[in-house]
$ cat start.cif   # mmCIF, C-alpha atoms and all ligand atoms
data_data
loop_
_atom_site.label_atom_id
_atom_site.label_comp_id
_atom_site.auth_asym_id
_atom_site.auth_seq_id
_atom_site.Cartn_x
_atom_site.Cartn_y
_atom_site.Cartn_z
CA MET A 1 96.11 62.01 208.88
CA LYS A 2 97.01 61.80 212.56
CA ALA A 3 100.65 62.52 213.46
CA ALA A 4 102.84 63.12 216.49
CA LEU A 5 104.55 66.47 215.98
CA PHE A 6 106.80 69.15 217.43
CA ASP A 7 107.13 72.67 216.04
CA SER A 8 110.20 73.79 218.00
CA HIS A 9 112.96 72.26 220.11
CA GLY A 10 112.24 71.60 223.74
CA ASP A 11 111.36 68.97 226.32
CA PRO A 12 108.65 66.30 225.82
CA SER A 13 105.93 68.90 226.52
CA ALA A 14 106.69 70.24 223.01
CA LEU A 15 105.23 67.02 221.53
CA TYR A 16 101.55 66.97 220.50
CA ILE A 17 99.15 64.92 218.37
CA GLY A 18 97.97 66.88 215.32
CA GLU A 19 97.08 66.58 211.65
CA ARG A 20 99.36 66.38 208.61
CA PRO A 21 98.40 66.07 204.94
CA MET A 22 98.50 62.59 203.41
CA PRO A 23 101.87 62.00 201.72
CA ASP A 24 102.15 62.00 197.91
CA LEU A 25 102.93 58.65 196.29
CA PRO A 26 105.73 59.20 193.75
CA ASP A 27 106.21 56.51 191.07
CA ALA A 28 108.79 54.21 192.65
CA HIS A 29 107.44 54.62 196.21
CA ILE A 30 105.24 52.52 198.46
CA LEU A 31 102.59 53.95 200.77
CA ILE A 32 102.60 52.29 204.19
CA ARG A 33 99.91 52.44 206.86
CA VAL A 34 102.08 52.79 209.97
CA ARG A 35 100.96 50.58 212.86
CA ALA A 36 103.87 50.96 215.30
CA VAL A 37 106.92 53.17 215.86
CA ALA A 38 109.78 52.78 218.35
CA LEU A 39 111.96 55.33 220.17
CA ASN A 40 115.75 55.48 220.04
CA GLY A 41 118.34 57.38 222.06
CA PHE A 42 118.53 59.97 219.26
CA ASP A 43 114.81 60.88 219.42
CA PRO A 44 115.05 62.96 222.63
CA MET A 45 118.27 64.52 221.26
CA MET A 46 116.43 65.59 218.08
CA LEU A 47 113.59 67.03 220.17
CA GLU A 48 116.05 68.98 222.34
CA GLY A 49 117.97 70.14 219.28
CA SER A 50 121.29 69.08 220.79
CA THR A 51 122.73 67.25 217.75
CA GLY A 52 123.60 70.19 215.49
CA LEU A 53 121.42 68.65 212.73
CA LYS A 54 118.84 70.93 211.11
CA THR A 55 115.27 69.89 211.95
CA PRO A 56 112.58 70.37 209.27
CA PHE A 57 109.62 71.82 211.24
CA PRO A 58 106.87 70.85 211.79
CA MET A 59 108.74 67.67 212.67
CA VAL A 60 107.30 64.17 212.83
CA PRO A 61 109.62 62.07 215.06
CA CYS A 62 110.77 58.42 214.88
CA GLY A 63 112.90 56.59 212.34
CA ASP A 64 111.76 53.12 213.44
CA PHE A 65 108.40 51.92 212.16
CA ALA A 66 106.37 48.98 210.86
CA GLY A 67 102.98 48.61 209.24
CA THR A 68 101.17 47.32 206.17
CA ILE A 69 101.32 48.25 202.49
CA GLU A 70 98.45 50.55 201.56
CA ALA A 71 99.28 51.37 197.91
CA LEU A 72 102.03 50.92 195.31
CA GLY A 73 103.44 53.70 193.11
CA ASN A 74 103.20 53.20 189.32
CA ALA A 75 106.89 52.30 188.84
CA VAL A 76 107.17 49.80 191.70
CA LYS A 77 108.76 46.62 190.34
CA GLY A 78 108.81 44.12 193.22
CA ASN A 79 106.26 41.50 194.08
CA TRP A 80 104.58 43.46 196.90
CA SER A 81 100.95 43.12 197.88
CA LYS A 82 98.43 45.39 199.59
CA GLY A 83 98.17 44.54 203.29
CA GLN A 84 101.66 42.95 203.39
CA ALA A 85 103.58 43.54 206.64
CA VAL A 86 106.72 45.67 206.16
CA THR A 87 109.24 47.89 207.90
CA GLY A 88 111.10 50.85 206.47
CA TYR A 89 114.88 51.10 206.17
CA PRO A 90 114.90 54.66 207.53
CA ILE A 91 117.96 56.06 205.74
CA LEU A 92 116.30 57.46 202.62
CA PRO A 93 118.38 58.07 199.47
CA GLU A 94 119.21 61.78 199.05
CA LYS A 95 117.09 62.70 202.09
CA GLY A 96 118.89 61.04 205.01
CA MET A 97 117.66 59.58 208.25
CA MET A 98 113.93 59.69 209.00
CA GLY A 99 113.21 61.41 212.31
CA GLU A 100 116.56 63.23 212.13
CA VAL A 101 116.91 65.35 209.00
CA THR A 102 113.71 64.33 207.21
CA PRO A 103 110.28 63.75 208.80
CA GLY A 104 109.87 60.47 210.66
CA ALA A 105 107.10 57.88 210.82
CA ALA A 106 105.06 58.72 213.94
CA CYS A 107 102.01 59.32 211.73
CA GLU A 108 99.36 57.17 210.06
CA TYR A 109 100.94 57.00 206.57
CA VAL A 110 104.42 57.31 205.06
CA ALA A 111 105.52 56.93 201.43
CA ILE A 112 109.10 55.69 201.00
CA PRO A 113 111.13 54.45 198.04
CA GLU A 114 110.63 50.78 197.19
CA SER A 115 114.35 50.17 197.84
CA CYS A 116 113.76 51.11 201.52
CA VAL A 117 110.82 48.76 202.09
CA VAL A 118 111.73 45.57 203.95
CA ALA A 119 109.33 42.61 204.20
CA VAL A 120 108.40 41.36 207.67
CA PRO A 121 108.17 37.57 207.89
CA ASP A 122 105.19 35.79 209.46
CA GLY A 123 105.44 35.43 213.21
CA VAL A 124 106.88 38.92 213.84
CA SER A 125 104.34 41.46 215.11
CA HIS A 126 104.19 45.11 213.99
CA GLU A 127 105.42 46.10 217.47
CA GLU A 128 108.43 43.77 217.27
CA ALA A 129 109.23 44.77 213.70
CA ALA A 130 109.11 48.48 214.62
CA ALA A 131 111.53 47.85 217.51
CA MET A 132 114.24 46.33 215.33
CA PRO A 133 115.63 48.56 212.56
CA VAL A 134 117.86 51.15 214.28
CA ALA A 135 118.90 49.37 217.50
CA TYR A 136 119.02 45.77 216.27
CA GLY A 137 120.40 46.79 212.86
CA THR A 138 123.21 48.79 214.50
CA ALA A 139 123.97 46.06 217.04
CA TYR A 140 123.90 43.38 214.32
CA ARG A 141 126.47 45.19 212.20
CA MET A 142 128.68 45.86 215.24
CA MET A 143 128.45 42.46 216.97
CA ALA A 144 127.78 39.96 214.17
CA LEU A 145 129.67 41.58 211.28
CA ARG A 146 132.43 43.79 212.77
CA ALA A 147 133.41 42.34 216.16
CA GLY A 148 134.69 38.90 215.10
CA LEU A 149 133.28 37.38 218.30
CA LYS A 150 134.53 33.92 219.21
CA PRO A 151 132.78 31.45 221.55
CA GLY A 152 133.91 31.84 225.14
CA GLU A 153 135.14 35.42 224.78
CA ARG A 154 134.29 37.77 227.63
CA VAL A 155 132.32 40.82 226.46
CA LEU A 156 131.67 43.91 228.61
CA ILE A 157 128.77 46.12 227.49
CA LEU A 158 128.41 49.61 228.98
CA GLY A 159 124.87 51.09 229.04
CA ALA A 160 123.55 47.61 228.19
CA THR A 161 120.00 48.67 229.08
CA GLY A 162 119.61 50.77 225.91
CA GLY A 163 118.10 49.49 222.69
CA VAL A 164 121.51 48.90 221.07
CA GLY A 165 122.86 47.50 224.35
CA VAL A 166 120.17 44.86 224.88
CA ALA A 167 120.50 43.80 221.24
CA ALA A 168 124.32 43.66 221.56
CA MET A 169 123.92 41.48 224.64
CA GLN A 170 121.54 39.08 222.84
CA LEU A 171 123.91 38.84 219.85
CA ALA A 172 126.94 38.21 222.08
CA LYS A 173 125.03 35.41 223.86
CA ASN A 174 124.06 33.98 220.44
CA ALA A 175 127.80 33.87 219.66
CA ASP A 176 128.36 31.86 222.89
CA CYS A 177 130.25 34.68 224.61
CA GLU A 178 130.32 35.42 228.33
CA VAL A 179 128.50 38.74 228.77
CA ILE A 180 128.99 41.29 231.54
CA ALA A 181 126.24 43.91 231.24
CA CYS A 182 126.29 47.34 232.89
CA GLY A 183 123.11 49.19 233.82
CA THR A 184 122.22 51.87 236.33
CA GLY A 185 119.82 50.87 239.12
CA ALA A 186 118.88 47.60 240.81
CA GLU A 187 115.67 47.08 238.83
CA LYS A 188 117.37 47.49 235.45
CA ALA A 189 120.33 45.36 236.59
CA ALA A 190 117.93 42.56 237.58
CA LYS A 191 116.23 42.83 234.19
CA LEU A 192 119.60 42.48 232.40
CA LYS A 193 120.27 39.30 234.35
CA GLU A 194 116.82 37.99 233.45
CA LEU A 195 117.58 38.72 229.79
CA GLY A 196 120.61 36.45 229.88
CA ALA A 197 123.64 38.46 231.08
CA ASP A 198 126.15 36.18 232.82
CA ASP A 199 127.10 38.96 235.19
CA VAL A 200 125.73 42.44 235.81
CA ILE A 201 127.34 45.60 237.17
CA ASP A 202 124.93 48.15 238.66
CA THR A 203 126.78 51.31 237.65
CA GLY A 204 124.66 53.33 240.08
CA GLU A 205 126.32 51.42 242.94
CA GLU A 206 129.75 50.44 241.67
CA ASP A 207 132.15 51.86 239.13
CA PHE A 208 132.61 49.31 236.38
CA LEU A 209 136.44 49.40 236.34
CA SER A 210 136.68 48.50 240.05
CA ALA A 211 134.01 45.83 239.56
CA ILE A 212 135.90 44.25 236.63
CA ARG A 213 139.22 44.35 238.52
CA SER A 214 137.78 42.86 241.70
CA ARG A 215 135.67 40.17 240.00
CA TYR A 216 137.92 39.23 237.07
CA GLY A 217 141.37 40.67 237.83
CA LYS A 218 143.43 43.21 235.92
CA PRO A 219 144.38 42.51 232.30
CA ALA A 220 147.90 41.03 232.34
CA TYR A 221 150.49 43.37 230.85
CA TYR A 222 152.41 40.54 229.22
CA GLY A 223 149.22 38.83 228.04
CA GLY A 224 147.78 35.51 229.17
CA GLY A 225 145.80 34.97 232.35
CA ASN A 226 142.11 35.54 232.66
CA GLY A 227 142.03 39.19 233.78
CA GLY A 228 139.85 41.85 232.16
CA VAL A 229 137.68 41.34 229.09
CA ASP A 230 138.31 40.41 225.45
CA VAL A 231 135.78 42.85 224.03
CA LEU A 232 134.39 46.15 225.29
CA VAL A 233 131.26 47.68 223.76
CA ASN A 234 131.44 51.40 224.49
CA TYR A 235 128.98 53.75 222.78
CA ILE A 236 128.82 55.90 225.92
CA GLY A 237 132.19 57.64 225.48
CA GLY A 238 132.82 60.69 227.70
CA GLU A 239 134.20 59.82 231.13
CA THR A 240 133.78 56.07 230.52
CA TRP A 241 136.47 55.98 227.82
CA VAL A 242 139.62 55.73 229.94
CA PRO A 243 138.23 53.32 232.57
CA GLY A 244 136.81 51.32 229.66
CA ILE A 245 140.14 50.73 227.93
CA LYS A 246 141.68 49.75 231.28
CA CYS A 247 139.27 46.77 231.38
CA VAL A 248 140.45 45.33 228.06
CA ARG A 249 143.08 42.60 228.00
CA LYS A 250 146.03 42.23 225.63
CA HIS A 251 144.91 42.12 221.97
CA GLY A 252 141.34 42.95 223.00
CA ARG A 253 138.84 44.90 220.90
CA ILE A 254 136.93 48.08 221.72
CA LEU A 255 133.72 48.52 219.71
CA VAL A 256 132.31 52.01 219.18
CA CYS A 257 129.05 52.98 217.42
CA GLY A 258 128.19 56.19 219.26
CA ALA A 259 129.05 58.53 222.12
CA THR A 260 125.98 59.14 224.31
CA ALA A 261 127.98 60.96 227.02
CA GLY A 262 130.58 62.75 224.84
CA TYR A 263 132.38 62.18 221.54
CA ASP A 264 135.72 63.81 222.42
CA PRO A 265 136.85 62.05 225.60
CA LYS A 266 140.29 62.17 227.16
CA THR A 267 142.17 58.98 226.33
CA ASP A 268 145.25 57.13 227.61
CA LEU A 269 147.30 55.98 224.66
CA ARG A 270 149.64 53.91 226.83
CA TYR A 271 146.93 51.24 227.15
CA ILE A 272 146.24 51.16 223.40
CA TRP A 273 149.87 50.41 222.51
CA SER A 274 150.92 48.39 225.56
CA PHE A 275 147.95 46.05 225.30
CA GLU A 276 147.81 46.20 221.49
CA HIS A 277 144.10 47.06 221.52
CA SER A 278 142.06 47.38 218.36
CA VAL A 279 139.42 50.11 218.30
CA ILE A 280 136.68 49.07 215.86
CA GLY A 281 134.13 51.59 214.63
CA SER A 282 130.72 50.49 213.41
CA ASN A 283 128.17 52.68 211.69
CA GLY A 284 124.60 51.93 210.65
CA TRP A 285 123.43 48.78 208.90
CA SER A 286 122.00 47.90 205.48
CA ALA A 287 118.46 47.15 204.28
CA GLN A 288 119.73 43.59 203.72
CA ASP A 289 120.86 43.43 207.38
CA GLN A 290 117.39 44.63 208.38
CA GLY A 291 115.80 41.75 206.45
CA ASP A 292 118.26 39.32 208.07
CA ILE A 293 117.49 40.40 211.64
CA LEU A 294 113.74 40.17 210.99
CA LYS A 295 114.29 36.59 209.78
CA LEU A 296 116.25 35.84 212.97
CA ALA A 297 113.27 37.19 214.96
CA ALA A 298 110.88 34.94 213.03
CA GLN A 299 113.16 31.97 213.81
CA ASP A 300 113.11 32.96 217.50
CA LYS A 301 116.88 33.57 217.47
CA LEU A 302 116.72 37.32 218.08
CA ARG A 303 113.42 38.47 219.56
CA PRO A 304 113.43 42.21 220.27
CA VAL A 305 112.99 43.13 223.94
CA LEU A 306 110.02 45.48 224.31
CA HIS A 307 110.05 47.71 227.37
CA ALA A 308 106.49 48.96 226.80
CA VAL A 309 103.84 49.17 224.07
CA ARG A 310 101.57 52.21 224.35
CA PRO A 311 99.27 54.28 222.10
CA ILE A 312 100.89 57.17 220.22
CA GLU A 313 98.96 59.61 222.45
CA ASP A 314 101.42 58.60 225.24
CA ILE A 315 104.48 59.70 223.25
CA ALA A 316 105.53 62.47 225.67
CA ALA A 317 105.54 60.04 228.62
CA ALA A 318 107.58 57.55 226.59
CA TYR A 319 110.16 60.26 225.77
CA GLN A 320 110.36 61.32 229.42
CA GLU A 321 110.97 57.74 230.52
CA LEU A 322 113.84 57.44 228.03
CA ILE A 323 115.34 60.77 229.19
CA ASP A 324 115.02 59.59 232.83
CA ARG A 325 116.92 56.36 231.93
CA LYS A 326 114.04 54.15 233.09
CA VAL A 327 113.93 51.95 229.99
CA VAL A 328 115.33 48.48 229.28
CA GLY A 329 115.07 47.63 225.58
CA LYS A 330 112.64 49.36 223.25
CA SER A 331 109.66 51.65 223.84
CA VAL A 332 106.98 51.11 221.19
CA LEU A 333 104.00 53.32 220.32
CA THR A 334 101.05 52.14 218.26
CA LEU A 335 98.91 54.03 215.71
N1 LIG A 401 126.33 54.70 214.48
C1 LIG A 401 125.09 54.29 214.33
O1 LIG A 401 124.69 53.88 213.26
C2 LIG A 401 124.17 54.31 215.52
C3 LIG A 401 122.85 53.85 215.39
C4 LIG A 401 122.04 53.82 216.55
C5 LIG A 401 122.54 54.26 217.75
N2 LIG A 401 123.81 54.73 217.80
C6 LIG A 401 124.37 55.19 219.06
O2 LIG A 401 124.39 54.09 219.96
C7 LIG A 401 124.22 54.57 221.27
C8 LIG A 401 123.09 53.78 221.95
O3 LIG A 401 121.85 54.16 221.43
P1 LIG A 401 120.49 53.70 222.13
O4 LIG A 401 119.41 54.25 221.28
O5 LIG A 401 120.52 52.27 222.41
O6 LIG A 401 120.44 54.31 223.58
P2 LIG A 401 120.82 55.55 224.51
O7 LIG A 401 119.59 56.24 224.95
O8 LIG A 401 121.81 56.37 223.83
O9 LIG A 401 121.42 54.90 225.82
C9 LIG A 401 121.87 53.68 226.03
C10 LIG A 401 122.16 53.52 227.52
O10 LIG A 401 123.24 54.36 227.87
C11 LIG A 401 123.13 54.74 229.23
N3 LIG A 401 123.24 56.22 229.26
C12 LIG A 401 122.39 57.12 228.78
N4 LIG A 401 122.86 58.37 228.98
C13 LIG A 401 124.04 58.23 229.59
C14 LIG A 401 125.01 59.14 230.06
N5 LIG A 401 124.86 60.46 229.93
N6 LIG A 401 126.11 58.65 230.64
C15 LIG A 401 126.27 57.32 230.77
N7 LIG A 401 125.38 56.41 230.35
C16 LIG A 401 124.27 56.86 229.76
C17 LIG A 401 121.76 54.31 229.72
O11 LIG A 401 121.92 53.16 230.54
P3 LIG A 401 121.82 53.24 232.14
O12 LIG A 401 120.88 54.33 232.49
O13 LIG A 401 121.33 51.89 232.55
O14 LIG A 401 123.20 53.51 232.60
C18 LIG A 401 121.04 53.91 228.44
O15 LIG A 401 120.15 52.85 228.61
C19 LIG A 401 124.01 56.07 221.19
O16 LIG A 401 125.22 56.72 221.41
C20 LIG A 401 123.54 56.26 219.77
O17 LIG A 401 123.81 57.55 219.27
C21 LIG A 401 124.62 54.75 216.72
#

$ encode --input "start.cif" --output "structure tokens"
Amino acid sequence: MKAALFDSHGDPSALYIGERPMPDLPDAHILIRVRAVALNGFDPMMLEGSTGLKTPFPMVPCGDFAGTIEALGNAVKGNWSKGQAVTGYPILPEKGMMGEVTPGAACEYVAIPESCVVAVPDGVSHEEAAAMPVAYGTAYRMMALRAGLKPGERVLILGATGGVGVAAMQLAKNADCEVIACGTGAEKAAKLKELGADDVIDTGEEDFLSAIRSRYGKPAYYGGGNGGVDVLVNYIGGETWVPGIKCVRKHGRILVCGATAGYDPKTDLRYIWSFEHSVIGSNGWSAQDQGDILKLAAQDKLRPVLHAVRPIEDIAAAYQELIDRKVVGKSVLTL
């Protein structure tokens, strides 16, 4: 079968289209004909080898995928049918995350345990379904289940152009919050506005702390007033951590699901205690969450934002675009 592959760490030129053997179909597994995969921030990191995780070479990238059921293993119990549209919950029992520590889905067929197969409702395309699991699943857990968002709250999202960021923005708008989205570059900033952000900070032009202070005022030390933001979404970390907490008002929340620019930033504890901030971690999502977000897509309440849909042969270009920070939403590749 056809597969996207890399045999060693490197830049996108290490990616190629080659052949892999058809997967076995163990008893309680389902064989899926993959029709679309989507890229995430971690895919270029896995290619580079910068995560510290051990890569099983030859590596097939991508944890996000959607397709149709090709065959059922002998011990499959559910009411599945051949040709049914499905996605995979990519965190496989005992094996770990597809595209990270076990081969991913950028190939024509994958066989995964029945417990990891998630039905795609009518009205959601393969491309949309492939775009949802990692980014929308992560954002759903963080924004809908962990954040405790209340209507009218002001939410600041750093790096809002990413897959998780766009999804977080859509979910905050669904919760009737006021959203301030940060993105680098005029074109991406305009796109964030088009996607529903109430206000946008172009972080290529303006540092976000100064922008928040000049547009909304400083958070009041004794509480009250309208300065700063109620909620900060910060999965960037690194040098954004201290300016980030300075944007958050008394009793505000800081949501963290990653650290794109550094996981061990300097902090300023005075703000955490003086403003009684809560730092809320959020990790992953469940297969049930994945089913729930696909239903929201079918109901038109959470349509994934697709940056581009291209054939799998264009995978290196799609990686390069992500590395160059030229993407808003999700890059999808078809097979
Ligand atoms: N815990 C979990 O379960 C989980 C699951 C999925 C993802 N994550 C984490 O969530 C984060 C977001 O993932 P993602 O796939 O949406 O996208 P991503 O590629 O990590 O980037 C999101 C955005 O961050 C900005 N950015 C990228 N590199 C940056 C840098 N060095 N410094 C400052 N800003 C930078 C970019 O926006 P601009 O160019 O517009 O500034 C980009 O669009 C990552 O840290 C990822 O590891 C965690």

$ residues_near_ligand --input "start.cif" --ligand "ligand LIG 401 (chain A)" --cutoff "7 Å" --atoms "all atoms listed in the file" --output "ChimeraX atom specification"
/A:40-42,134-135,138,159-165,182-185,188,203,235-236,257-261,282-285,322,325-328

$ closest_atom_pairs --input "start.cif" --of "segment 92-192 of chain A" --to "segment 291-296 of chain A" --cutoff "10 Å" --atoms "all atoms listed in the file" --output "Markdown table"
| residue | atom | partner | partner_atom | distance |
| --- | --- | --- | --- | --- |
| A:Val117 | CA | A:Gly291 | CA | 9.6 |
| A:Val118 | CA | A:Gly291 | CA | 6.1 |
| A:Ala119 | CA | A:Gly291 | CA | 6.9 |
| A:Val120 | CA | A:Leu294 | CA | 6.4 |
| A:Pro121 | CA | A:Lys295 | CA | 6.5 |
| A:Asp122 | CA | A:Lys295 | CA | 9.1 |
| A:Gly123 | CA | A:Lys295 | CA | 9.6 |
| A:Val124 | CA | A:Leu294 | CA | 7.5 |
| A:Glu128 | CA | A:Leu294 | CA | 9.0 |
| A:Ala129 | CA | A:Leu294 | CA | 7.0 |
| A:Met132 | CA | A:Leu294 | CA | 7.6 |
| A:Pro133 | CA | A:Ile293 | CA | 8.4 |
| A:Tyr136 | CA | A:Ile293 | CA | 7.3 |
| A:Gly137 | CA | A:Ile293 | CA | 7.1 |
| A:Tyr140 | CA | A:Ile293 | CA | 7.6 |

$ atom_distance --input "start.cif" --atom1 "atom CA of Lys173 of chain A" --atom2 "atom CA of Leu158 of chain A"
15.5 Å

$ residues_around --input "start.cif" --residues "Glu127 of chain A" --least-positions-apart "2" --cutoff "9 Å" --atoms "all atoms listed in the file" --output "ChimeraX atom specification"
/A:35-38,65-67,124-125,129-131,306,309,332-334

$ write_last_selection --input "start.cif" --atoms "C-alpha atoms" --output "PDB file, in the coordinates of the input"
ATOM      1  CA  ARG A  35     100.960  50.580 212.860  1.00  0.00           C
ATOM      2  CA  ALA A  36     103.870  50.960 215.300  1.00  0.00           C
ATOM      3  CA  VAL A  37     106.920  53.170 215.860  1.00  0.00           C
ATOM      4  CA  ALA A  38     109.780  52.780 218.350  1.00  0.00           C
ATOM      5  CA  PHE A  65     108.400  51.920 212.160  1.00  0.00           C
ATOM      6  CA  ALA A  66     106.370  48.980 210.860  1.00  0.00           C
ATOM      7  CA  GLY A  67     102.980  48.610 209.240  1.00  0.00           C
ATOM      8  CA  VAL A 124     106.880  38.920 213.840  1.00  0.00           C
ATOM      9  CA  SER A 125     104.340  41.460 215.110  1.00  0.00           C
ATOM     10  CA  ALA A 129     109.230  44.770 213.700  1.00  0.00           C
ATOM     11  CA  ALA A 130     109.110  48.480 214.620  1.00  0.00           C
ATOM     12  CA  ALA A 131     111.530  47.850 217.510  1.00  0.00           C
ATOM     13  CA  LEU A 306     110.020  45.480 224.310  1.00  0.00           C
ATOM     14  CA  VAL A 309     103.840  49.170 224.070  1.00  0.00           C
ATOM     15  CA  VAL A 332     106.980  51.110 221.190  1.00  0.00           C
ATOM     16  CA  LEU A 333     104.000  53.320 220.320  1.00  0.00           C
ATOM     17  CA  THR A 334     101.050  52.140 218.260  1.00  0.00           C
TER      18      THR A 334
END

$ residues_around --input "start.cif" --residues "Glu100 of chain A" --least-positions-apart "3" --cutoff "10 Å" --atoms "only C-alpha atoms" --output "mmCIF file with C-alpha atoms, keeping the file's coordinate frame"
data_model
loop_
_atom_site.group_PDB
_atom_site.id
_atom_site.type_symbol
_atom_site.label_atom_id
_atom_site.label_comp_id
_atom_site.auth_asym_id
_atom_site.auth_seq_id
_atom_site.Cartn_x
_atom_site.Cartn_y
_atom_site.Cartn_z
ATOM 1 C CA PHE A 42 118.530 59.970 219.260
ATOM 2 C CA ASP A 43 114.810 60.880 219.420
ATOM 3 C CA MET A 45 118.270 64.520 221.260
ATOM 4 C CA MET A 46 116.430 65.590 218.080
ATOM 5 C CA LEU A 47 113.590 67.030 220.170
ATOM 6 C CA THR A 51 122.730 67.250 217.750
ATOM 7 C CA LEU A 53 121.420 68.650 212.730
ATOM 8 C CA LYS A 54 118.840 70.930 211.110
ATOM 9 C CA THR A 55 115.270 69.890 211.950
ATOM 10 C CA PRO A 56 112.580 70.370 209.270
ATOM 11 C CA MET A 59 108.740 67.670 212.670
ATOM 12 C CA VAL A 60 107.300 64.170 212.830
ATOM 13 C CA PRO A 61 109.620 62.070 215.060
ATOM 14 C CA CYS A 62 110.770 58.420 214.880
ATOM 15 C CA GLY A 63 112.900 56.590 212.340
ATOM 16 C CA PRO A 90 114.900 54.660 207.530
ATOM 17 C CA ILE A 91 117.960 56.060 205.740
ATOM 18 C CA GLY A 96 118.890 61.040 205.010
ATOM 19 C CA MET A 97 117.660 59.580 208.250
ATOM 20 C CA PRO A 103 110.280 63.750 208.800
ATOM 21 C CA GLY A 104 109.870 60.470 210.660
#

$ closest_atom_pairs --input "start.cif" --of "segment 112-192 of chain A" --to "segment 212-219 of chain A" --cutoff "12 Å" --atoms "all atoms listed in the file" --output "CSV"
residue,atom,partner,partner_atom,distance
A:Arg154,CA,A:Tyr216,CA,10.2
A:Val155,CA,A:Ile212,CA,11.3
A:Leu156,CA,A:Ile212,CA,9.1
A:Ile157,CA,A:Ile212,CA,11.7
A:Leu158,CA,A:Ile212,CA,12.0
A:Ile180,CA,A:Ile212,CA,9.1
A:Ala181,CA,A:Ile212,CA,11.1
A:Cys182,CA,A:Ile212,CA,10.8

$ closest_residue --input "start.cif" --among "A:His29, A:Lys95, A:Lys193, A:His307" --to "Asn74 of chain A" --atoms "all atoms listed in the file"
A:His29

$ atom_distance --input "start.cif" --atom1 "atom CA of Ser286 of chain A" --atom2 "atom CA of Ser115 of chain A"
11.0 Å

$ residues_near_point --input "start.cif" --point "(137.5, 41.8, 210.3)" --cutoff "12 Å" --atoms "only C-alpha atoms" --output "list in words"
Arg141, Met142, Met143, Ala144, Leu145, Arg146, Ala147, Gly148, Leu149, Arg253, Ser278, Val279, Ile280, Gly281 and Ser282 of chain A

$ residues_around --input "start.cif" --residues "Glu239 of chain A" --least-positions-apart "2" --cutoff "10 Å" --atoms "only C-alpha atoms" --output "PDB file with C-alpha atoms, keeping the file's coordinate frame"
ATOM      1  CA  ILE A 236     128.820  55.900 225.920  1.00  0.00           C
ATOM      2  CA  GLY A 237     132.190  57.640 225.480  1.00  0.00           C
ATOM      3  CA  TRP A 241     136.470  55.980 227.820  1.00  0.00           C
ATOM      4  CA  VAL A 242     139.620  55.730 229.940  1.00  0.00           C
ATOM      5  CA  PRO A 243     138.230  53.320 232.570  1.00  0.00           C
ATOM      6  CA  GLY A 244     136.810  51.320 229.660  1.00  0.00           C
ATOM      7  CA  ALA A 261     127.980  60.960 227.020  1.00  0.00           C
ATOM      8  CA  GLY A 262     130.580  62.750 224.840  1.00  0.00           C
ATOM      9  CA  ASP A 264     135.720  63.810 222.420  1.00  0.00           C
ATOM     10  CA  PRO A 265     136.850  62.050 225.600  1.00  0.00           C
ATOM     11  CA  LYS A 266     140.290  62.170 227.160  1.00  0.00           C
ATOM     12  CA  THR A 267     142.170  58.980 226.330  1.00  0.00           C
TER      13      THR A 267
END

$ atom_distance --input "start.cif" --atom1 "atom CA of Glu321 of chain A" --atom2 "atom CA of Glu187 of chain A"
14.3 Å

$ closest_residue --input "start.cif" --among "A:Val256, A:Ala105, A:Ala3, A:Ala14" --to "Tyr319 of chain A" --atoms "all atoms listed in the file"
A:Ala14

$ closest_residue --input "start.cif" --among "A:Pro21, A:Gly73, A:Gly99, A:Gly252" --to "Phe57 of chain A" --atoms "all atoms listed in the file"
A:Gly99

$ closest_residue --input "start.cif" --among "A:Val231, A:Ala297, A:Ala75, A:Leu269" --to "His251 of chain A" --atoms "only C-alpha atoms"
A:Val231

$ closest_residue --input "start.cif" --among "A:Glu178, A:Asp24, A:Glu94, A:Asp314" --to "Leu232 of chain A" --atoms "all atoms listed in the file"
A:Glu178

$ build_atoms --input "start.cif" --residues "segment 244-251 of chain A" --atoms "N, CA and C atoms" --output "tab-separated table (two decimals), in the coordinates of the input"
chain	number	residue	atom	x	y	z
A	244	GLY	N	137.19	52.40	230.58
A	244	GLY	CA	136.81	51.32	229.66
A	244	GLY	C	138.03	50.62	229.09
A	245	ILE	N	138.98	51.39	228.56
A	245	ILE	CA	140.14	50.73	227.93
A	245	ILE	C	141.00	50.00	228.97
A	246	LYS	N	140.91	50.43	230.23
A	246	LYS	CA	141.68	49.75	231.28
A	246	LYS	C	141.11	48.36	231.61
A	247	CYS	N	139.89	48.09	231.14
A	247	CYS	CA	139.27	46.77	231.38
A	247	CYS	C	139.67	45.75	230.33
A	248	VAL	N	140.28	46.21	229.23
A	248	VAL	CA	140.45	45.33	228.06
A	248	VAL	C	141.83	44.67	228.08
A	249	ARG	N	141.84	43.37	227.91
A	249	ARG	CA	143.08	42.60	228.00
A	249	ARG	C	143.91	42.73	226.72
A	250	LYS	N	145.11	42.16	226.77
A	250	LYS	CA	146.03	42.23	225.63
A	250	LYS	C	145.34	41.71	224.36
A	251	HIS	N	145.50	42.44	223.28
A	251	HIS	CA	144.91	42.12	221.97
A	251	HIS	C	143.39	42.18	221.94
